[in-house]
Every structure is written in C-alpha cells, then in structure tokens.
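Visitor: Mind looking over this structure? Questions follow.
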Amino acid sequence: METKINLLKEKLNQELKNINDSKSLYSLQSSYLGKTGEISLMMRELGKVDKEERPKLGQIINQLKEWAISKFFNASQTIKLNELLSRYKNEEIDVTLPAKSQKYGSLHPITLVTNELLDIFTGLGFYVYEGPEIENDYYCFTALNLPKDHPARDMQDTFYLSEDLLLRVQTSAGQIRAMEQNKPPLKVVVPGRVYRIDDLDSTHSPMFHQMEGLVIDKHVTLCDLKGVLEILAKKMFGEESKTRLRPSFFPFTEPSVEVDVTCCGCGGKGCKICKNTGWIEVLGAGMVHPNVIKNAGLDPEIYSGFAFGVGLERIAILKYGIKDLKWLYENDVRFLSQFKI
Ligand SMILES: [Zn+2]
C-alpha cells in the first residue's frame with residue numbers, strides 16, 4: 001500500500017510540473033480528488049480491506065488526501081499569480097501615446113464681466129442680492145420715485161404681463177427690496193437681466209444685463225460714490241484709468257450723474273471709439289433720492305446713500321472690443337471660444 005501511495009505522490013508531483021493554467025489544473029485536481037478520482041477510489045476500496053487494517057489504512061489515505069489538497073492549493077496560487085501578471089503585461093497601456101484632444105468650454109463674456117465686477121464689489125464689502133425678473137409696478141417704478149402719472153415713465157418701454165406685473169426694466173428694482181430686508185449700513189449689488197421693448201440690432205437688445213449698486217448709511221456723500229467708481233474703473237480698465245462725473249437726470253437719484261472713464265482704446269488721447277473726446281460713458285449714478293429712502297421705510301433726514309447702474313454688455317463691448325452687440329446672443333462657438341480665462 002505504501003508503495004502504491006508513494007508512486008501516486010510521485011506521479012502527481014510530476015504531472016503538476018507540466019501544468020501552467022487554471023483549467024488544466026482543475027481537470028488534474030478532478031482526476032485525483034473528484035468523485036471518480038484516484039484518491040476517492042482508494043477510499044472506496046477500503047471496504048474490501050480487513051476490518052483490523054481499515055483504520056490505519058484509512059488514516060494513511062486521509063493524509064494522502066490532505067497532502068494532495070495542499071499541493072493543488074499551492075499550485076493554484078502560483079498559477080493564478082502568473083496568469084494575473086501575464087494579463088497585466090498584455091493589457092499594458094502605453095502612456096507615451098498621444099491623447100485624444102478634449103474640447104473645453106469657455107465662459108460667456110457677460111459672465112466674465114459679471115464675475116469680475118462681483119469680485120471687485122464683494123472685495124469692497126458689498127453683498128449680492130438677486131431680485132425677481134418678474135417685478136411688480138411698485139418696486140420697478142412707484143417706489144423709485146416714479147408715480148403712475150410721472151412723465152419719466154414714458155422713457156421706459158416696458159413689457160407688461162398684467163396691469164401690475166412686468167419684466168423689470170432696471171435692476172434698480174432690487175434697491176427697495178434690499179432696503180426692506182436689511183437695515184443700514186447697507187452695501188449691496190444687484191446683478192441680473194433686464195427687459196425693454198426694443199429691436200435687436202448692433203447696439204440694442206430687448207434683453208440685457210445690468211448691475212445695480214446701492215450704499216445707504218449716515219453721512220454718505222457724492223465723494224464716496226466717486227471713490228468707489230474710481231476703484232471700479234482702475235480695476236476694470238487699468239490703473240491709468242480716470243473717472244469724470246457729468247450732471248444728468250434720473251428720477252430715483254438727486255443729484256444724478258453720468259460717469260465717464262478714460263477711453264480704453266486710446267488712453268485719453270482721442271480715437272474713433274471715444275469720438276475723439278478721450279472719454280467713454282460707462283454708467284449712470286447719483287445720490288439716492290430722499291423719496292426713495294422714505295419709500296423703503298427709512299428717514300431721509302438720518303440716512304443718505306448713493307446708487308449706480310452698470311450696463312454689463314457695455315462693459316464687455318468696451319473691454320473686449322466687441323463690435324456688434326448681437327454677437328453676444330448668437331451662441332456662435334467661434335466667437336465664444338475666444339473668451340478663455
Ligand atoms: Zn479713445
């Protein structure tokens with residue numbers, strides 16, 4: 001019996017040496033340990049052996065079985081590892097191959113200008129408020145010192161949705177809401193879309209973007225407004241930029257001013273863009289009208305403030321030298337892809 005076992009062990013060792021894949025290993029394992037495998041058959045033959053011999057022989061065959069199981073286990077570990085290594089080798093990626101080029105989007109010039117202005121104003125301590133685009137008559141006109149019979153209402157060509165609801169014609173509509181929600185001192189900017197009945201051409205659009213700025217506190221003066229606008233001009237158009245205020249009229253500010261900055265096309269010397277004046281008009285501003293302060297529930301004897309409204313399309317056109325307003329709305333990728341940060 002011992003000889004038979006030794007021969008079997010030797011045979012198994014020899015056969016294992018020639019195996020180098022999982023499938024062959026599995027079939028070899030079955031031929032020894034499977035139901036009709038050689039070791040299983042030896043177990044069955046125990047029945048034919050003398051009763052006295054049986055326990056000893058059974059133990060020996062069990063040991064042989066254990067030995068075979070561990071042999072097959074070790075062999076399977078080695079084979080699996082080799083198979084994995086060869087798979088890694090076959091599936092190796094050549095990292096030196098040129099990559100497929102990826103197309104990246106870019107931010108819209110209006111978004112770039114908005115972000116830049118928000119950076120400047122939040123840096124100066126302003127917070128950002130976004131009012132509704134569908135506004136009611138009160139916030140858009142009446143509270144801004146434009147009562148129903150006010151002649152200046154004719155200046156606006158408003159999209160009315162009902163007698164009271166309209167698409168806001170200016171981000172100034174956010175002024176009263178901001179004042180109602182927060183007590184002074186107040187420093188807020190209101191960016192967003194505004195709407196006016198107009199045909200789309202190279203200088204007009206029925207929808208465009210504005211950013212309103214509002215400061216309300218005790219003892220706010222026109223000098224504070226000029227200071228803020230100078231910082232804005234220098235950050236937006238370069239350190240050399242200067243600002244100039246000209247008298248103007250808006251119903252919600254008194255006094256009202258138009259603000260010019262040094263022409264970015266010629267640095268103030270005079271060119272086609274500035275019609276040889278050296279200055280470019282960029283925004284309207286002024287000291288908040290006492291009636292507006294009163295309408296927001298504050299005492300104009302105690303509080304004063306300034307407000308300004310920037311047209312974002314205008315800033316984008318000046319900053320990037322865009323010749324036609326329509327280009328901003330046509331979604332032409334050839335145009336838009338030039339505005340990479
Ligand atoms: Zn110029």
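Residue names in the structure tokens use chain letters A, B, ... in the order shown, residue numbers from 1 in each chain, and ligand numbers from 1 in the order shown.
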Could you list, as a PDB file with C-alpha atoms, in the first residue's frame, all the residues within 9 Å of ligand 1, counting only C-alpha atoms and all ligand atoms?

Guide:
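Writing done, so here's out-v1.pdb:
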```pdb
ATOM      1  CA  THR A 262     -10.704 107.267 -19.757  1.00  0.00           C
ATOM      2  CA  CYS A 263     -11.122 105.685 -23.214  1.00  0.00           C
ATOM      3  CA  CYS A 264      -9.528 102.240 -23.198  1.00  0.00           C
ATOM      4  CA  GLY A 265      -8.927 102.491 -26.960  1.00  0.00           C
ATOM      5  CA  CYS A 266      -6.586 105.499 -26.846  1.00  0.00           C
ATOM      6  CA  GLY A 267      -5.806 106.082 -23.159  1.00  0.00           C
ATOM      7  CA  GLY A 268      -7.464 109.515 -23.339  1.00  0.00           C
ATOM      8  CA  LYS A 269      -5.728 110.913 -26.435  1.00  0.00           C
ATOM      9  CA  GLY A 270      -8.821 110.653 -28.647  1.00  0.00           C
ATOM     10  CA  CYS A 271      -9.806 107.963 -31.150  1.00  0.00           C
ATOM     11  CA  LYS A 272     -12.733 106.561 -33.137  1.00  0.00           C
ATOM     12  CA  ILE A 273     -14.209 104.674 -30.152  1.00  0.00           C
ATOM     13  CA  CYS A 274     -14.449 107.797 -27.970  1.00  0.00           C
ATOM     14  CA  LYS A 275     -15.252 110.113 -30.912  1.00  0.00           C
ATOM     15  CA  ASN A 276     -12.012 111.981 -30.153  1.00  0.00           C
ATOM     16  CA  THR A 277     -13.151 113.027 -26.671  1.00  0.00           C
ATOM     17  CA  GLY A 278     -10.818 110.697 -24.751  1.00  0.00           C
ATOM     18  CA  TRP A 279     -13.743 109.664 -22.515  1.00  0.00           C
ATOM     19  CA  ILE A 280     -16.290 106.852 -22.620  1.00  0.00           C
TER      20      ILE A 280
END
```

Visitor: Using DSSP on the backbone coordinates, identify all residues within region 47-210 of chain A classified as helix (DSSP H, G or I); present the result as a ChimeraX atom specification.

Guide: /A:47-48,54-90,109-123,137-140,142-144,151-155,173-181

Visitor: Sorted by chain and rising residue number, which residues of region 279-305 of chain A lie within 12 Å of region 228-239 of chain A, and what are their closest atom pairs and distances in Å to one decimal, counting only C-alpha atoms, as a tab-separated table?

Guide:
```
residue	atom	partner	partner_atom	distance
A:Ile280	CA	A:Ala233	CA	11.2
A:Glu281	CA	A:Ala233	CA	11.4
A:Val282	CA	A:Ala233	CA	9.3
A:Leu283	CA	A:Leu229	CA	9.6
A:Gly284	CA	A:Leu229	CA	10.8
A:Ala285	CA	A:Leu229	CA	9.6
A:Gly286	CA	A:Leu229	CA	11.3
```

Visitor: Write out as a ChimeraX atom specification each polymer residue whose atoms come within 10 Å of Lys17 (chain A), counting only C-alpha atoms; drop sequence neighbours fewer than 4 positions from it.

Guide: /A:12-13,75

Visitor: Write a file of the selected residues as a PDB file, in the first residue's frame, keeping all heavy atoms.

Guide:
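Produced file out_18.pdb, reproduced below:
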```
ATOM      1  N   LEU A  12       1.743  12.453  -9.183  1.00  0.00           N
ATOM      2  CA  LEU A  12       1.061  13.746  -9.051  1.00  0.00           C
ATOM      3  C   LEU A  12       2.060  14.904  -9.148  1.00  0.00           C
ATOM      4  O   LEU A  12       1.845  15.875  -9.866  1.00  0.00           O
ATOM      5  CB  LEU A  12       0.320  13.799  -7.711  1.00  0.00           C
ATOM      6  CG  LEU A  12      -0.763  14.873  -7.565  1.00  0.00           C
ATOM      7  CD1 LEU A  12      -1.788  14.410  -6.533  1.00  0.00           C
ATOM      8  CD2 LEU A  12      -0.219  16.204  -7.134  1.00  0.00           C
ATOM      9  N   ASN A  13       3.184  14.758  -8.433  1.00  0.00           N
ATOM     10  CA  ASN A  13       4.226  15.793  -8.492  1.00  0.00           C
ATOM     11  C   ASN A  13       4.680  16.046  -9.921  1.00  0.00           C
ATOM     12  O   ASN A  13       4.827  17.185 -10.352  1.00  0.00           O
ATOM     13  CB  ASN A  13       5.439  15.372  -7.654  1.00  0.00           C
ATOM     14  CG  ASN A  13       5.259  15.785  -6.198  1.00  0.00           C
ATOM     15  OD1 ASN A  13       4.563  16.763  -5.917  1.00  0.00           O
ATOM     16  ND2 ASN A  13       5.865  15.035  -5.287  1.00  0.00           N
ATOM     17  N   ALA A  75      -0.313  25.022  -5.885  1.00  0.00           N
ATOM     18  CA  ALA A  75      -0.140  25.153  -7.338  1.00  0.00           C
ATOM     19  C   ALA A  75      -1.108  26.195  -7.883  1.00  0.00           C
ATOM     20  O   ALA A  75      -0.746  27.014  -8.740  1.00  0.00           O
ATOM     21  CB  ALA A  75      -0.371  23.805  -8.016  1.00  0.00           C
TER      22      ALA A  75
END
```

Visitor: From the set A:Ile134, A:Ala152, A:Leu81, A:Val188, which residue has the shortest atom-to-atom contact distance to Leu167 (chain A), counting only C-alpha atoms?

Guide: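 The shortest atom-to-atom distance to Leu167 (chain A) comes from A:Ile134.
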
Visitor: Give me the residues within 12 Å of Phe72 (chain A) as a ChimeraX atom specification, counting only C-alpha atoms and dropping any in the same chain fewer than 5 places off.

Guide: /A:12-13,15-17,19,22,24-33,65-67,77-80

Visitor: Run DSSP on the backbone of this structure and report the residues of region 89-229 of chain A it assigns to strand (DSSP E or B), as number ranges by chain.

Guide: A: 127-128, 134-136, 160, 165-167, 186-195, 207-217

Visitor: Just the residues within 6 Å of Ser248 (chain A), please, counting only C-alpha atoms, with nothing from its chain fewer than 2 positions along; format it as JSON, numbers by chain.

Guide: {"A": [256, 257, 258]}

Visitor: Export C-alpha atoms of the chosen residues as an mmCIF file, in the first residue's frame?

Guide:
```cif
data_model
loop_
_atom_site.group_PDB
_atom_site.id
_atom_site.type_symbol
_atom_site.label_atom_id
_atom_site.label_comp_id
_atom_site.auth_asym_id
_atom_site.auth_seq_id
_atom_site.Cartn_x
_atom_site.Cartn_y
_atom_site.Cartn_z
ATOM 1 C CA SER A 256 -27.742 112.409 -10.836
ATOM 2 C CA VAL A 257 -24.554 111.906 -12.808
ATOM 3 C CA GLU A 258 -23.292 110.145 -15.911
#
```

Visitor: For each of A:Tyr303, A:Asn145, A:Arg87, A:Met211, take the minimum atom-to-atom distance to Glu254 (chain A), counting only C-alpha atoms, then give the residue where this is smallest.

Guide: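 Distance minimum relative to Glu254 (chain A) lands on A:Asn145.
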